[in-house]
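**Student:** Following this line is upload-v9.cif, made up of mmCIF, C-alpha atoms:
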data_protein
loop_
_atom_site.label_atom_id
_atom_site.label_comp_id
_atom_site.auth_asym_id
_atom_site.auth_seq_id
_atom_site.Cartn_x
_atom_site.Cartn_y
_atom_site.Cartn_z
CA MET S 1 72.58 67.26 90.72
CA ALA S 2 75.89 69.02 91.27
CA ASP S 3 77.22 68.82 94.82
CA LEU S 4 77.99 72.35 96.04
CA ARG S 5 79.08 71.32 99.53
CA ASN S 6 82.33 73.01 100.42
CA ASN S 7 85.21 71.80 102.58
CA PHE S 8 87.73 74.60 102.89
CA ILE S 9 90.71 73.71 105.10
CA GLY S 10 88.40 71.47 107.09
CA ILE S 11 85.72 74.14 107.49
CA LYS S 12 82.50 72.76 106.05
CA SER S 13 79.62 74.74 104.59
CA PRO S 14 76.64 73.79 102.38
CA ASN S 15 77.94 75.91 99.49
CA PRO S 16 81.08 77.91 98.62
CA PHE S 17 79.45 81.33 99.06
CA TRP S 18 80.60 83.18 102.17
CA LEU S 19 79.92 86.77 103.14
CA ALA S 20 83.17 88.71 103.55
CA SER S 21 84.12 90.62 106.66
CA ALA S 22 82.30 93.93 106.18
CA PRO S 23 79.17 95.85 107.26
CA PRO S 24 76.84 92.95 106.27
CA THR S 25 78.44 90.73 108.95
CA ASP S 26 78.64 93.25 111.79
CA LYS S 27 76.05 91.71 114.10
CA ALA S 28 73.86 88.71 114.76
CA TYR S 29 70.76 90.22 113.14
CA ASN S 30 72.48 90.53 109.76
CA VAL S 31 74.21 87.16 109.94
CA GLU S 32 70.99 85.34 110.89
CA ARG S 33 69.24 86.93 107.91
CA ALA S 34 72.13 85.90 105.67
CA PHE S 35 72.00 82.28 106.80
CA LYS S 36 68.23 82.19 106.31
CA ALA S 37 68.78 83.44 102.75
CA GLY S 38 71.16 80.56 102.07
CA TRP S 39 74.73 81.80 102.53
CA GLY S 40 77.16 79.01 103.30
CA GLY S 41 79.26 81.01 105.74
CA VAL S 42 80.25 84.42 107.00
CA VAL S 43 83.43 86.13 108.07
CA TRP S 44 82.34 88.26 111.02
CA LYS S 45 83.26 91.93 110.70
CA THR S 46 86.76 92.54 112.00
CA LEU S 47 87.14 92.47 115.77
CA GLY S 48 89.60 94.71 117.58
CA GLU S 49 91.29 94.40 120.95
CA GLU S 50 89.56 94.85 124.29
CA GLY S 51 89.20 98.50 125.26
CA PRO S 52 87.44 101.61 124.01
CA PRO S 53 85.49 100.81 120.82
CA VAL S 54 86.62 102.14 117.45
CA VAL S 55 84.82 105.34 116.45
CA ASN S 56 83.49 105.61 112.89
CA VAL S 57 82.41 108.78 111.10
CA ASN S 58 78.74 109.67 111.44
CA GLY S 59 78.46 111.05 107.93
CA PRO S 60 78.82 109.48 104.50
CA ARG S 61 81.00 106.35 104.47
CA TYR S 62 80.66 105.27 100.85
CA GLY S 63 81.53 106.68 97.47
CA ALA S 64 80.44 105.05 94.21
CA ILE S 65 81.32 104.57 90.56
CA TRP S 66 78.33 103.89 88.30
CA GLY S 67 77.92 102.60 84.77
CA ALA S 68 75.86 104.45 82.17
CA ASP S 69 72.70 102.73 83.44
CA ARG S 70 73.62 103.67 87.05
CA ARG S 71 74.55 100.12 87.81
CA LEU S 72 77.04 100.10 90.68
CA LEU S 73 80.49 99.21 89.34
CA GLY S 74 82.68 100.16 92.27
CA LEU S 75 82.23 101.13 95.88
CA ASN S 76 84.69 103.07 98.02
CA ASN S 77 84.32 102.90 101.79
CA ILE S 78 85.99 104.73 104.66
CA GLU S 79 84.36 102.64 107.40
CA LEU S 80 86.66 101.10 109.99
CA ILE S 81 86.51 97.74 111.76
CA THR S 82 83.57 97.01 114.06
CA ASP S 83 82.66 99.85 116.38
CA ARG S 84 80.71 97.48 118.64
CA ASP S 85 82.08 96.24 121.95
CA LEU S 86 84.32 93.16 121.63
CA TYR S 87 82.35 91.11 124.15
CA THR S 88 79.04 91.94 122.51
CA ASN S 89 80.39 90.59 119.25
CA LEU S 90 81.81 87.48 120.90
CA ARG S 91 78.52 86.75 122.67
CA GLU S 92 76.54 87.11 119.44
CA MET S 93 79.00 84.97 117.48
CA LYS S 94 78.65 82.16 119.99
CA GLN S 95 74.85 82.25 119.82
CA VAL S 96 74.79 82.36 116.01
CA LYS S 97 77.13 79.38 115.77
CA MET S 98 74.92 77.43 118.16
CA ASN S 99 71.85 78.29 116.04
CA TRP S 100 73.53 77.45 112.73
CA PRO S 101 76.03 74.63 113.34
CA ASP S 102 76.14 73.65 109.64
CA ARG S 103 77.30 77.10 108.49
CA ALA S 104 80.85 78.39 108.51
CA LEU S 105 81.55 81.20 110.94
CA ILE S 106 84.97 82.83 110.75
CA ALA S 107 86.22 85.60 113.02
CA SER S 108 88.16 88.39 111.34
CA ILE S 109 90.72 89.88 113.73
CA MET S 110 92.91 92.98 113.73
CA VAL S 111 94.94 93.97 116.78
CA PRO S 112 98.28 95.78 117.19
CA CYS S 113 101.34 94.02 115.83
CA GLU S 114 102.37 92.82 119.28
CA GLU S 115 102.52 89.20 120.41
CA GLN S 116 100.62 89.80 123.63
CA ALA S 117 97.70 91.46 121.81
CA TRP S 118 97.22 88.42 119.59
CA LYS S 119 97.76 86.00 122.45
CA ALA S 120 95.05 87.76 124.47
CA ILE S 121 92.28 87.82 121.86
CA LEU S 122 92.66 84.34 120.36
CA PRO S 123 91.26 82.32 123.32
CA LEU S 124 88.31 84.71 123.54
CA VAL S 125 87.45 84.03 119.91
CA GLU S 126 88.08 80.32 120.27
CA GLU S 127 85.53 80.12 123.09
CA THR S 128 82.75 81.24 120.72
CA GLY S 129 83.01 78.02 118.73
CA ALA S 130 84.05 79.86 115.59
CA ASP S 131 85.34 77.60 112.83
CA GLY S 132 88.45 79.66 112.15
CA ILE S 133 90.04 83.09 112.15
CA GLU S 134 90.93 85.47 109.35
CA LEU S 135 93.83 87.84 109.96
CA ASN S 136 92.95 91.23 108.51
CA PHE S 137 96.19 92.40 106.91
CA GLY S 138 94.40 94.34 104.21
CA CYS S 139 92.40 97.34 105.44
CA PRO S 140 93.99 100.31 103.61
CA HIS S 141 92.50 103.21 105.57
CA GLY S 142 92.05 104.34 109.13
CA MET S 143 93.56 101.30 110.80
CA SER S 144 96.68 101.23 108.63
CA GLU S 145 97.64 104.67 109.98
CA ARG S 146 97.69 102.97 113.39
CA GLY S 147 100.15 100.31 112.30
CA MET S 148 97.54 97.64 111.50
CA GLY S 149 95.74 96.36 108.39
CA SER S 150 97.68 96.94 105.18
CA ALA S 151 100.55 98.46 107.19
CA VAL S 152 101.24 94.87 108.26
CA GLY S 153 100.14 93.27 104.99
CA GLN S 154 102.73 95.26 103.05
CA VAL S 155 105.62 93.84 105.09
CA PRO S 156 106.12 90.09 104.50
CA GLU S 157 108.25 89.73 107.63
CA TYR S 158 105.41 91.06 109.79
CA ILE S 159 102.93 88.72 108.11
CA GLU S 160 105.06 85.67 108.82
CA MET S 161 105.62 86.77 112.42
CA VAL S 162 101.95 87.32 113.25
CA VAL S 163 100.86 84.11 111.53
CA ARG S 164 103.40 82.19 113.64
CA TRP S 165 101.97 83.75 116.81
CA CYS S 166 98.43 82.77 115.82
CA LYS S 167 99.37 79.22 114.93
CA GLN S 168 101.10 78.97 118.29
CA TYR S 169 98.24 80.31 120.40
CA THR S 170 95.13 78.81 118.79
CA ARG S 171 93.84 75.49 117.54
CA MET S 172 91.60 77.22 114.99
CA PRO S 173 92.48 77.22 111.28
CA VAL S 174 94.17 80.47 110.25
CA ILE S 175 93.25 82.34 107.05
CA THR S 176 95.53 85.25 106.18
CA LYS S 177 93.77 88.08 104.31
CA LEU S 178 96.13 89.84 101.91
CA THR S 179 96.21 93.43 100.71
CA PRO S 180 96.30 94.18 96.96
CA ASN S 181 98.14 97.43 97.72
CA ILE S 182 101.50 95.85 97.00
CA THR S 183 103.73 95.33 93.98
CA ASP S 184 103.97 91.52 94.00
CA ILE S 185 101.17 89.57 95.72
CA ARG S 186 103.29 86.42 95.76
CA LYS S 187 105.63 87.78 98.43
CA PRO S 188 103.05 88.22 101.23
CA ALA S 189 101.49 84.90 100.24
CA ARG S 190 104.86 83.19 100.58
CA ALA S 191 105.39 84.85 103.94
CA ALA S 192 102.00 83.68 105.18
CA LYS S 193 102.78 80.14 104.08
CA ALA S 194 106.18 80.29 105.77
CA GLY S 195 104.43 81.32 108.97
CA GLY S 196 102.20 78.26 108.76
CA THR S 197 98.92 79.76 107.59
CA ASP S 198 96.25 77.27 106.60
CA ALA S 199 94.99 79.48 103.76
CA VAL S 200 95.03 82.97 102.31
CA SER S 201 92.10 85.14 101.29
CA LEU S 202 92.27 87.93 98.74
CA ILE S 203 91.84 90.58 97.69
CA ASN S 204 91.07 93.12 100.35
CA THR S 205 90.07 96.59 99.17
CA ILE S 206 92.21 98.78 96.93
CA ASN S 207 93.39 102.16 98.19
CA SER S 208 91.41 104.80 96.31
CA ILE S 209 89.68 108.11 95.92
CA VAL S 210 86.67 107.58 93.66
CA SER S 211 85.75 111.17 92.85
CA VAL S 212 86.02 114.83 93.81
CA ASP S 213 83.07 117.12 94.52
CA LEU S 214 83.72 120.00 92.11
CA ASP S 215 81.65 122.41 94.18
CA SER S 216 83.37 121.86 97.52
CA PHE S 217 86.62 120.55 95.99
CA ALA S 218 86.74 117.70 98.50
CA PRO S 219 87.02 113.96 97.81
CA ASN S 220 83.88 111.84 98.05
CA PRO S 221 82.55 110.73 100.43
CA THR S 222 82.84 114.16 102.01
CA VAL S 223 82.68 114.48 105.79
CA GLY S 224 82.47 118.03 107.08
CA GLY S 225 84.21 119.47 104.03
CA LYS S 226 87.06 116.94 104.00
CA GLY S 227 87.54 113.53 102.37
CA SER S 228 89.94 110.64 102.77
CA HIS S 229 91.29 107.75 100.78
CA GLY S 230 89.31 104.56 101.30
CA GLY S 231 88.97 100.94 100.18
CA TYR S 232 87.68 100.21 96.65
CA CYS S 233 85.63 97.09 95.97
CA GLY S 234 82.87 95.80 93.70
CA PRO S 235 82.71 94.46 90.12
CA ALA S 236 85.42 96.87 88.95
CA VAL S 237 88.11 95.16 91.04
CA LYS S 238 87.34 91.62 89.86
CA PRO S 239 90.03 91.54 87.11
CA ILE S 240 92.68 92.60 89.62
CA ALA S 241 91.50 89.99 92.09
CA LEU S 242 91.44 87.19 89.51
CA ASN S 243 95.00 87.95 88.47
CA MET S 244 96.28 87.95 92.04
CA VAL S 245 94.51 84.69 92.86
CA ALA S 246 96.03 83.11 89.76
CA GLU S 247 99.50 84.44 90.64
CA ILE S 248 99.40 82.64 93.98
CA ALA S 249 97.82 79.49 92.55
CA ARG S 250 100.56 79.04 89.95
CA ASP S 251 103.55 80.23 91.97
CA PRO S 252 105.79 77.19 92.65
CA GLU S 253 106.36 78.42 96.22
CA THR S 254 102.65 78.71 97.09
CA ARG S 255 101.10 76.19 94.71
CA GLY S 256 98.53 74.15 96.61
CA LEU S 257 98.00 76.82 99.29
CA PRO S 258 94.21 77.07 99.81
CA ILE S 259 92.73 80.37 98.62
CA SER S 260 89.47 82.09 99.49
CA GLY S 261 88.70 84.34 96.52
CA ILE S 262 87.39 87.86 97.09
CA GLY S 263 86.80 90.81 94.78
CA GLY S 264 83.74 91.75 92.77
CA VAL S 265 81.90 88.42 92.91
CA THR S 266 78.37 89.35 91.80
CA THR S 267 77.13 86.32 89.82
CA TRP S 268 77.61 82.57 89.76
CA ARG S 269 79.86 83.04 86.73
CA ASP S 270 82.18 85.31 88.71
CA ALA S 271 82.40 82.64 91.39
CA ALA S 272 83.12 79.90 88.85
CA GLU S 273 85.96 81.98 87.41
CA PHE S 274 87.56 82.41 90.83
CA LEU S 275 87.22 78.68 91.49
CA ALA S 276 88.72 77.82 88.11
CA LEU S 277 91.74 80.01 88.89
CA GLY S 278 92.45 78.21 92.14
CA ALA S 279 90.10 79.55 94.82
CA GLY S 280 88.55 76.95 97.10
CA ASN S 281 85.55 79.16 97.83
CA VAL S 282 84.52 82.81 97.41
CA GLN S 283 83.63 85.70 99.67
CA VAL S 284 81.07 88.34 98.69
CA CYS S 285 80.35 91.80 100.01
CA THR S 286 79.42 94.55 97.52
CA ALA S 287 76.86 92.39 95.68
CA ALA S 288 75.03 91.72 98.94
CA MET S 289 75.15 95.41 99.85
CA THR S 290 73.76 96.29 96.42
CA TYR S 291 71.06 93.65 95.95
CA GLY S 292 70.46 92.17 99.40
CA PHE S 293 71.20 88.75 100.86
CA LYS S 294 68.84 86.82 98.56
CA ILE S 295 71.23 87.30 95.65
CA VAL S 296 72.89 84.13 96.91
CA GLU S 297 69.90 82.15 95.62
CA GLU S 298 70.80 83.10 92.05
CA MET S 299 74.45 82.32 92.71
CA ILE S 300 73.65 78.86 94.04
CA SER S 301 71.15 77.93 91.32
CA GLY S 302 73.29 79.38 88.54
CA LEU S 303 76.45 77.55 89.61
CA SER S 304 74.53 74.31 90.12
CA ASP S 305 72.79 74.51 86.73
CA TRP S 306 76.07 75.26 84.93
CA MET S 307 77.85 72.39 86.66
CA ASP S 308 75.00 70.03 85.73
CA GLU S 309 75.12 71.20 82.12
CA LYS S 310 78.87 70.66 81.93
CA GLY S 311 78.87 67.38 83.81
CA HIS S 312 80.79 68.65 86.83
CA ARG S 313 79.72 66.65 89.85
CA SER S 314 81.47 68.58 92.63
CA LEU S 315 83.46 71.72 93.20
CA ASP S 316 86.66 69.70 93.00
CA ASP S 317 85.94 69.20 89.30
CA ILE S 318 86.42 72.90 88.59
CA ILE S 319 88.77 74.22 91.29
CA ALA S 320 92.10 75.22 89.67
CA ARG S 321 91.11 73.83 86.24
CA ALA S 322 92.20 77.05 84.51
CA VAL S 323 95.52 77.43 86.32
CA PRO S 324 97.59 75.39 83.80
CA ASN S 325 96.32 77.67 81.04
CA VAL S 326 97.58 80.86 82.71
CA SER S 327 100.88 81.67 81.03
CA ASP S 328 103.53 84.34 81.01
CA TRP S 329 103.31 86.43 77.84
CA GLN S 330 106.50 85.10 76.29
CA TYR S 331 105.03 81.61 76.12
CA LEU S 332 101.97 82.62 74.11
CA ASN S 333 101.69 81.14 70.63
CA LEU S 334 102.71 83.86 68.19
CA ASN S 335 101.63 81.67 65.27
CA TYR S 336 98.02 81.58 66.45
CA ILE S 337 95.93 83.81 64.15
CA ALA S 338 92.31 84.89 64.51
CA LYS S 339 90.24 87.35 62.47
CA ALA S 340 87.12 89.30 63.39
CA LYS S 341 83.86 88.42 61.62
CA ILE S 342 80.71 90.56 61.62
CA ASP S 343 77.30 88.88 61.56
CA GLN S 344 75.49 91.06 59.04
CA ASP S 345 72.07 89.90 60.23
CA ALA S 346 72.83 90.96 63.81
CA CYS S 347 74.63 94.21 62.88
CA ILE S 348 72.63 97.34 63.76
CA LYS S 349 74.90 99.60 61.64
CA CYS S 350 75.90 101.79 64.59
CA GLY S 351 79.47 102.12 63.31
CA ARG S 352 81.21 101.83 66.68
CA CYS S 353 83.45 99.03 65.45
CA TYR S 354 84.44 101.05 62.40
CA ILE S 355 85.34 104.27 64.21
CA ALA S 356 87.25 102.45 66.94
CA CYS S 357 89.28 100.53 64.38
CA GLU S 358 89.73 103.49 62.03
CA ASP S 359 90.81 106.00 64.67
CA THR S 360 92.70 103.85 67.16
CA SER S 361 93.57 100.52 65.62
CA HIS S 362 94.38 99.07 62.18
CA GLN S 363 91.84 100.48 59.71
CA ALA S 364 90.50 97.00 59.03
CA ILE S 365 86.74 97.66 58.85
CA THR S 366 84.77 99.20 55.99
CA ASN S 367 81.97 101.70 56.52
CA MET S 368 80.72 101.94 52.92
CA VAL S 369 80.40 99.27 50.24
CA ASP S 370 78.94 100.16 46.81
CA GLY S 371 77.67 103.46 48.17
CA ALA S 372 75.75 101.87 51.03
CA ARG S 373 76.51 101.88 54.78
CA HIS S 374 78.13 98.51 55.38
CA PHE S 375 80.59 97.26 57.98
CA GLU S 376 82.84 94.37 57.10
CA VAL S 377 86.26 93.22 58.27
CA MET S 378 89.09 93.24 55.75
CA ASP S 379 91.17 90.18 56.55
CA GLU S 380 94.25 91.63 54.88
CA GLU S 381 94.33 94.42 57.51
CA CYS S 382 92.91 92.70 60.59
CA VAL S 383 95.46 91.77 63.28
CA GLY S 384 92.88 90.04 65.47
CA CYS S 385 93.14 92.56 68.30
CA ASN S 386 89.52 92.03 69.46
CA LEU S 387 88.83 95.77 69.95
CA CYS S 388 85.76 95.67 67.69
CA VAL S 389 84.28 92.83 69.73
CA SER S 390 84.86 94.81 72.91
CA VAL S 391 83.09 97.99 71.72
CA CYS S 392 80.20 96.38 69.81
CA PRO S 393 76.90 96.90 71.70
CA VAL S 394 75.34 93.72 70.24
CA GLU S 395 76.42 90.53 71.96
CA ASN S 396 77.96 87.96 69.60
CA CYS S 397 77.52 90.23 66.57
CA ILE S 398 81.29 90.26 66.10
CA THR S 399 83.25 87.11 66.82
CA MET S 400 86.86 86.04 66.51
CA GLU S 401 87.50 83.10 64.18
CA GLU S 402 90.76 81.17 64.27
CA LEU S 403 92.54 80.53 60.98
CA PRO S 404 93.18 76.80 60.72
CA ALA S 405 96.71 75.48 60.31
CA GLY S 406 97.84 75.52 56.69
CA SER S 407 95.60 78.42 55.63
CA LEU S 408 96.86 81.72 54.20
CA ASP S 409 97.01 84.83 56.37
CA LYS S 410 96.09 87.58 53.90
CA ARG S 411 97.69 90.23 56.10
CA THR S 412 101.18 88.69 56.18
CA GLY S 413 101.00 86.48 53.12
CA LYS S 414 102.24 83.54 55.20
CA ILE S 415 100.83 80.09 55.73
CA VAL S 416 99.64 79.44 59.27
CA ASP S 417 102.23 77.14 60.84
CA PRO S 418 100.72 73.64 61.22
CA ASN S 419 102.90 73.15 64.30
CA TYR S 420 101.53 76.16 66.16
CA ALA S 421 100.02 73.88 68.80
CA ASN S 422 103.54 73.06 69.93
CA TRP S 423 104.59 76.68 70.14
CA THR S 424 106.20 76.34 73.57
CA THR S 425 108.86 74.13 71.94
CA HIS S 426 108.76 75.67 68.47
CA PRO S 427 112.21 76.72 67.16
CA ASN S 428 110.86 80.17 66.21
CA ASN S 429 109.91 80.82 69.84
CA PRO S 430 112.80 82.84 71.32
CA MET S 431 112.06 81.55 74.82
CA ALA S 432 112.17 77.96 73.54
CA ARG S 433 115.50 78.67 71.86
CA GLN S 434 116.94 80.07 75.05
CA ALA S 435 115.76 77.06 77.01
CA ALA S 436 117.30 74.70 74.46
CA GLU S 437 120.60 76.57 74.60
#
Represent the supplied structure as structure tokens.
**Tutor:**
Amino acid sequence: MADLRNNFIGIKSPNPFWLASAPPTDKAYNVERAFKAGWGGVVWKTLGEEGPPVVNVNGPRYGAIWGADRRLLGLNNIELITDRDLYTNLREMKQVKMNWPDRALIASIMVPCEEQAWKAILPLVEETGADGIELNFGCPHGMSERGMGSAVGQVPEYIEMVVRWCKQYTRMPVITKLTPNITDIRKPARAAKAGGTDAVSLINTINSIVSVDLDSFAPNPTVGGKGSHGGYCGPAVKPIALNMVAEIARDPETRGLPISGIGGVTTWRDAAEFLALGAGNVQVCTAAMTYGFKIVEEMISGLSDWMDEKGHRSLDDIIARAVPNVSDWQYLNLNYIAKAKIDQDACIKCGRCYIACEDTSHQAITNMVDGARHFEVMDEECVGCNLCVSVCPVENCITMEELPAGSLDKRTGKIVDPNYANWTTHPNNPMARQAAE
């Protein structure tokens, strides 16, 4: 059986599935239910400084993007950090950690960008027995207007400064949560590392307006006739999150920096992809809010079954395995050639591949052969773009088949270069030529 036990910067949990800092981790009741369902850890919803509690709106807090079957693809939220009293949260955290000593419990923190504010809250959190802290430098709405959240996360110098304060004033491991609302994710990650962070977590939510009510002409969610930008999360942000995780994992300046992957994790496969791109564990929010805490059971069994099938004994066998295969575009093999093939037995003759190719691509698919409706790829026109595979409603009906070395490409009339496997050093590769020069 695959071993799913997770050791992330010394924080141990029975599996790599943590709940992210969000509404599902706002109080002991939720967290206890999550641990009973099987979650390996939680990041408690972000705590603020001592004083008057944060006030949230009492109307709609979420906006949604749905697929054609009304499956939730993206969720926008305008909720702020915890609106519960700091000491109530601390008391509940301490009790939960005592009840569940084998589960990871991380405290998310956001206070003003002042040394004294961080110095004051850290010993209070430490006294709960929490396993670590996560610095919330990502929240894109509400708190950022007050000089916190992404307002800090967008300034590498501030990130490094606050991380240094936290490393100075606490013994707990420090995880720095990064905002995706930035041009180059590597810069805040480098700053966090320079400050001494033990790990980074990403991505936080993406600044967004998901829709506009065309009756009231206000953004959704609408509160009293007005709307605001909020944080976007869910399956739709996963590709953005995967790219940013990979950017940090393969950056020479941050390579080896532990990463907690966040962003659209809904299935075990999503989690495996984050792990393969360098994450040491994953955090989940929208999937739990959509399907409930027991979704972790499918994540655990699915990941375990896949690892058993592939012969992976532990998480270390898959973490960062895909990183060496992430390349800059100029190093891709331009002599690699693949053609689309349509399985005629599986084809339902809907014609989506044909019209997509005919109208927007390379006119490489027939729609009639000998007077009958028939869809077939013409190799002499196909550039291997994969569009037909993407729009086909039948899984595996259209596949991409690589032309072996030495075969004839009917489109170009050229023989596939037998040395294509060595493209990074091939003399026809302009980047290879520049390196040689």
**Student:** If we count only C-alpha atoms and set the cut-off at 10 Å, which residues sit around segment 21-29 of chain S, ignoring sequence neighbours fewer than 5 positions away in its own chain? Please answer as a PyMOL selection string.
**Tutor:** chain S and resi 34+42-47+79-84+88-97+106-109+134+136+204+283-286+288-289+292-293
**Student:** Could you check how far atom CA of Phe8 of chain S sits from atom CA of Cys139 of chain S, in Å to one decimal?
**Tutor:**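 One can read the atom CA of Phe8 of chain S to atom CA of Cys139 of chain S distance as 23.4 Å.
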**Student:** Considering only C-alpha atoms, tabulate each residue of segment 11-30 of chain S that lies at most 12 Å from segment 311-316 of chain S along with its nearest interatomic pair and the corresponding distance in Å to one decimal; arrange the rows by chain and ascending residue number and present them as CSV.
**Tutor:**
residue,atom,partner,partner_atom,distance
S:Pro14,CA,S:Leu315,CA,11.6
S:Asn15,CA,S:Leu315,CA,9.4
S:Pro16,CA,S:Leu315,CA,8.6
S:Phe17,CA,S:Leu315,CA,11.9
**Student:** Report, in Å with one decimal, the straight-line distance from atom CA of Thr205 of chain S to atom CA of Ala20 of chain S.
**Tutor:**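 Between atom CA of Thr205 of chain S and atom CA of Ala20 of chain S the gap is 11.4 Å.
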**Student:** Once the PyMOL selection byres ((chain S and resi 144) around 12) is applied to the coordinates I shared, what remains selected? I want it as number ranges by chain.
**Tutor:** S: 78, 80-81, 110-113, 136-143, 145-154, 179, 181, 207, 229-231
**Student:** Just checking: using all atoms listed in the file, which residue out of S:Thr128, S:Pro221, S:Ala194, S:Asp215 ends up closest to Asn77 of chain S?
**Tutor:**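 Looking at the shortest contact to Asn77 of chain S, the residue is S:Pro221.
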**Student:** Point out the residue among S:Gly41, S:Pro101, S:Gly351, S:Pro156 with the least atom-to-atom distance to Ala192 of chain S, counting only C-alpha atoms.
**Tutor:** S:Pro156
**Student:** Between atom CA of Asp131 of chain S and atom CA of Ala287 of chain S, what distance in Å does the model show, to one decimal?
**Tutor:**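 Answer for the atom CA of Asp131 of chain S to atom CA of Ala287 of chain S separation: 24.2 Å.
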**Student:** Give me, as a PDB file with C-alpha atoms, in the frame of the given file, all polymer residues having an atom no more than 8 Å from Asn281 of chain S, counting only C-alpha atoms and skipping those fewer than 3 positions away in the same chain.
**Tutor:**
ATOM      1  CA  ASN S   6      82.330  73.010 100.420  1.00  0.00           C
ATOM      2  CA  PHE S   8      87.730  74.600 102.890  1.00  0.00           C
ATOM      3  CA  PRO S  16      81.080  77.910  98.620  1.00  0.00           C
ATOM      4  CA  PHE S  17      79.450  81.330  99.060  1.00  0.00           C
ATOM      5  CA  TRP S  18      80.600  83.180 102.170  1.00  0.00           C
ATOM      6  CA  ILE S 259      92.730  80.370  98.620  1.00  0.00           C
ATOM      7  CA  SER S 260      89.470  82.090  99.490  1.00  0.00           C
ATOM      8  CA  GLY S 261      88.700  84.340  96.520  1.00  0.00           C
ATOM      9  CA  ALA S 271      82.400  82.640  91.390  1.00  0.00           C
ATOM     10  CA  PHE S 274      87.560  82.410  90.830  1.00  0.00           C
ATOM     11  CA  LEU S 275      87.220  78.680  91.490  1.00  0.00           C
TER      12      LEU S 275
END
**Student:** Using the chain letters and numbers from the file, which residues does the PyMOL selection byres ((chain S and resi 409) around 12) grab, as a list in words?
**Tutor:** Asn335, Tyr336, Ile337, Ala338, Lys339, Met378, Asp379, Glu380, Glu381, Cys382, Val383, Gly384, Glu402, Leu403, Pro404, Ala405, Gly406, Ser407, Leu408, Lys410, Arg411, Thr412, Gly413, Lys414, Ile415, Val416 and Asp417 of chain S
**Student:** I would like the residues chosen by the PyMOL selection byres ((chain S and resi 121) around 9) on the shown file; could you give them as a PyMOL selection string?
**Tutor:** chain S and resi 48-50+109+111+116-120+122-126
**Student:** Smallest atom-to-atom distance to Cys385 of chain S: which of S:Met400, S:Ile203, S:Ile342, S:Ala272, using all atoms listed in the file?
**Tutor:** S:Met400
**Student:** Using all atoms listed in the file for the distances, tell me which of S:Cys347, S:Val210, S:Ala320, S:Leu202 is nearest to Pro188 of chain S.
**Tutor:** S:Leu202
**Student:** Using all atoms listed in the file for the distances, tell me which of S:Ile248, S:Ile319, S:Trp268, S:Ile300 is nearest to Ile185 of chain S.
**Tutor:** S:Ile248
**Student:** Using all atoms listed in the file for the distances, tell me which of S:Leu387, S:Glu395, S:Val163, S:Ser201 is nearest to Val282 of chain S.
**Tutor:** S:Ser201
**Student:** Kindly complete segment 107-118 of chain S to N, CA and C atoms; the output should be written as a PDB file, keeping the file's coordinate frame.
**Tutor:**
ATOM      1  N   ALA S 107      86.006  84.330 112.350  1.00  0.00           N
ATOM      2  CA  ALA S 107      86.220  85.600 113.020  1.00  0.00           C
ATOM      3  C   ALA S 107      87.369  86.342 112.375  1.00  0.00           C
ATOM      4  N   SER S 108      87.094  87.527 111.841  1.00  0.00           N
ATOM      5  CA  SER S 108      88.160  88.390 111.340  1.00  0.00           C
ATOM      6  C   SER S 108      88.733  89.162 112.525  1.00  0.00           C
ATOM      7  N   ILE S 109      90.058  89.249 112.578  1.00  0.00           N
ATOM      8  CA  ILE S 109      90.720  89.880 113.730  1.00  0.00           C
ATOM      9  C   ILE S 109      91.761  90.879 113.252  1.00  0.00           C
ATOM     10  N   MET S 110      91.857  91.996 113.951  1.00  0.00           N
ATOM     11  CA  MET S 110      92.910  92.980 113.730  1.00  0.00           C
ATOM     12  C   MET S 110      93.258  93.619 115.081  1.00  0.00           C
ATOM     13  N   VAL S 111      94.454  93.348 115.554  1.00  0.00           N
ATOM     14  CA  VAL S 111      94.940  93.970 116.780  1.00  0.00           C
ATOM     15  C   VAL S 111      96.360  94.475 116.511  1.00  0.00           C
ATOM     16  N   PRO S 112      96.922  95.277 117.427  1.00  0.00           N
ATOM     17  CA  PRO S 112      98.280  95.780 117.190  1.00  0.00           C
ATOM     18  C   PRO S 112      99.288  94.661 116.941  1.00  0.00           C
ATOM     19  N   CYS S 113     100.330  95.004 116.226  1.00  0.00           N
ATOM     20  CA  CYS S 113     101.340  94.020 115.830  1.00  0.00           C
ATOM     21  C   CYS S 113     102.269  93.705 117.004  1.00  0.00           C
ATOM     22  N   GLU S 114     101.650  93.180 118.063  1.00  0.00           N
ATOM     23  CA  GLU S 114     102.370  92.820 119.280  1.00  0.00           C
ATOM     24  C   GLU S 114     101.919  91.421 119.699  1.00  0.00           C
ATOM     25  N   GLU S 115     102.843  90.591 120.090  1.00  0.00           N
ATOM     26  CA  GLU S 115     102.520  89.200 120.410  1.00  0.00           C
ATOM     27  C   GLU S 115     101.459  89.095 121.496  1.00  0.00           C
ATOM     28  N   GLN S 116     101.547  89.899 122.520  1.00  0.00           N
ATOM     29  CA  GLN S 116     100.620  89.800 123.630  1.00  0.00           C
ATOM     30  C   GLN S 116      99.190  90.134 123.197  1.00  0.00           C
ATOM     31  N   ALA S 117      99.038  91.081 122.275  1.00  0.00           N
ATOM     32  CA  ALA S 117      97.700  91.460 121.810  1.00  0.00           C
ATOM     33  C   ALA S 117      97.029  90.293 121.101  1.00  0.00           C
ATOM     34  N   TRP S 118      97.779  89.578 120.286  1.00  0.00           N
ATOM     35  CA  TRP S 118      97.220  88.420 119.590  1.00  0.00           C
ATOM     36  C   TRP S 118      96.986  87.276 120.574  1.00  0.00           C
TER      37      TRP S 118
END
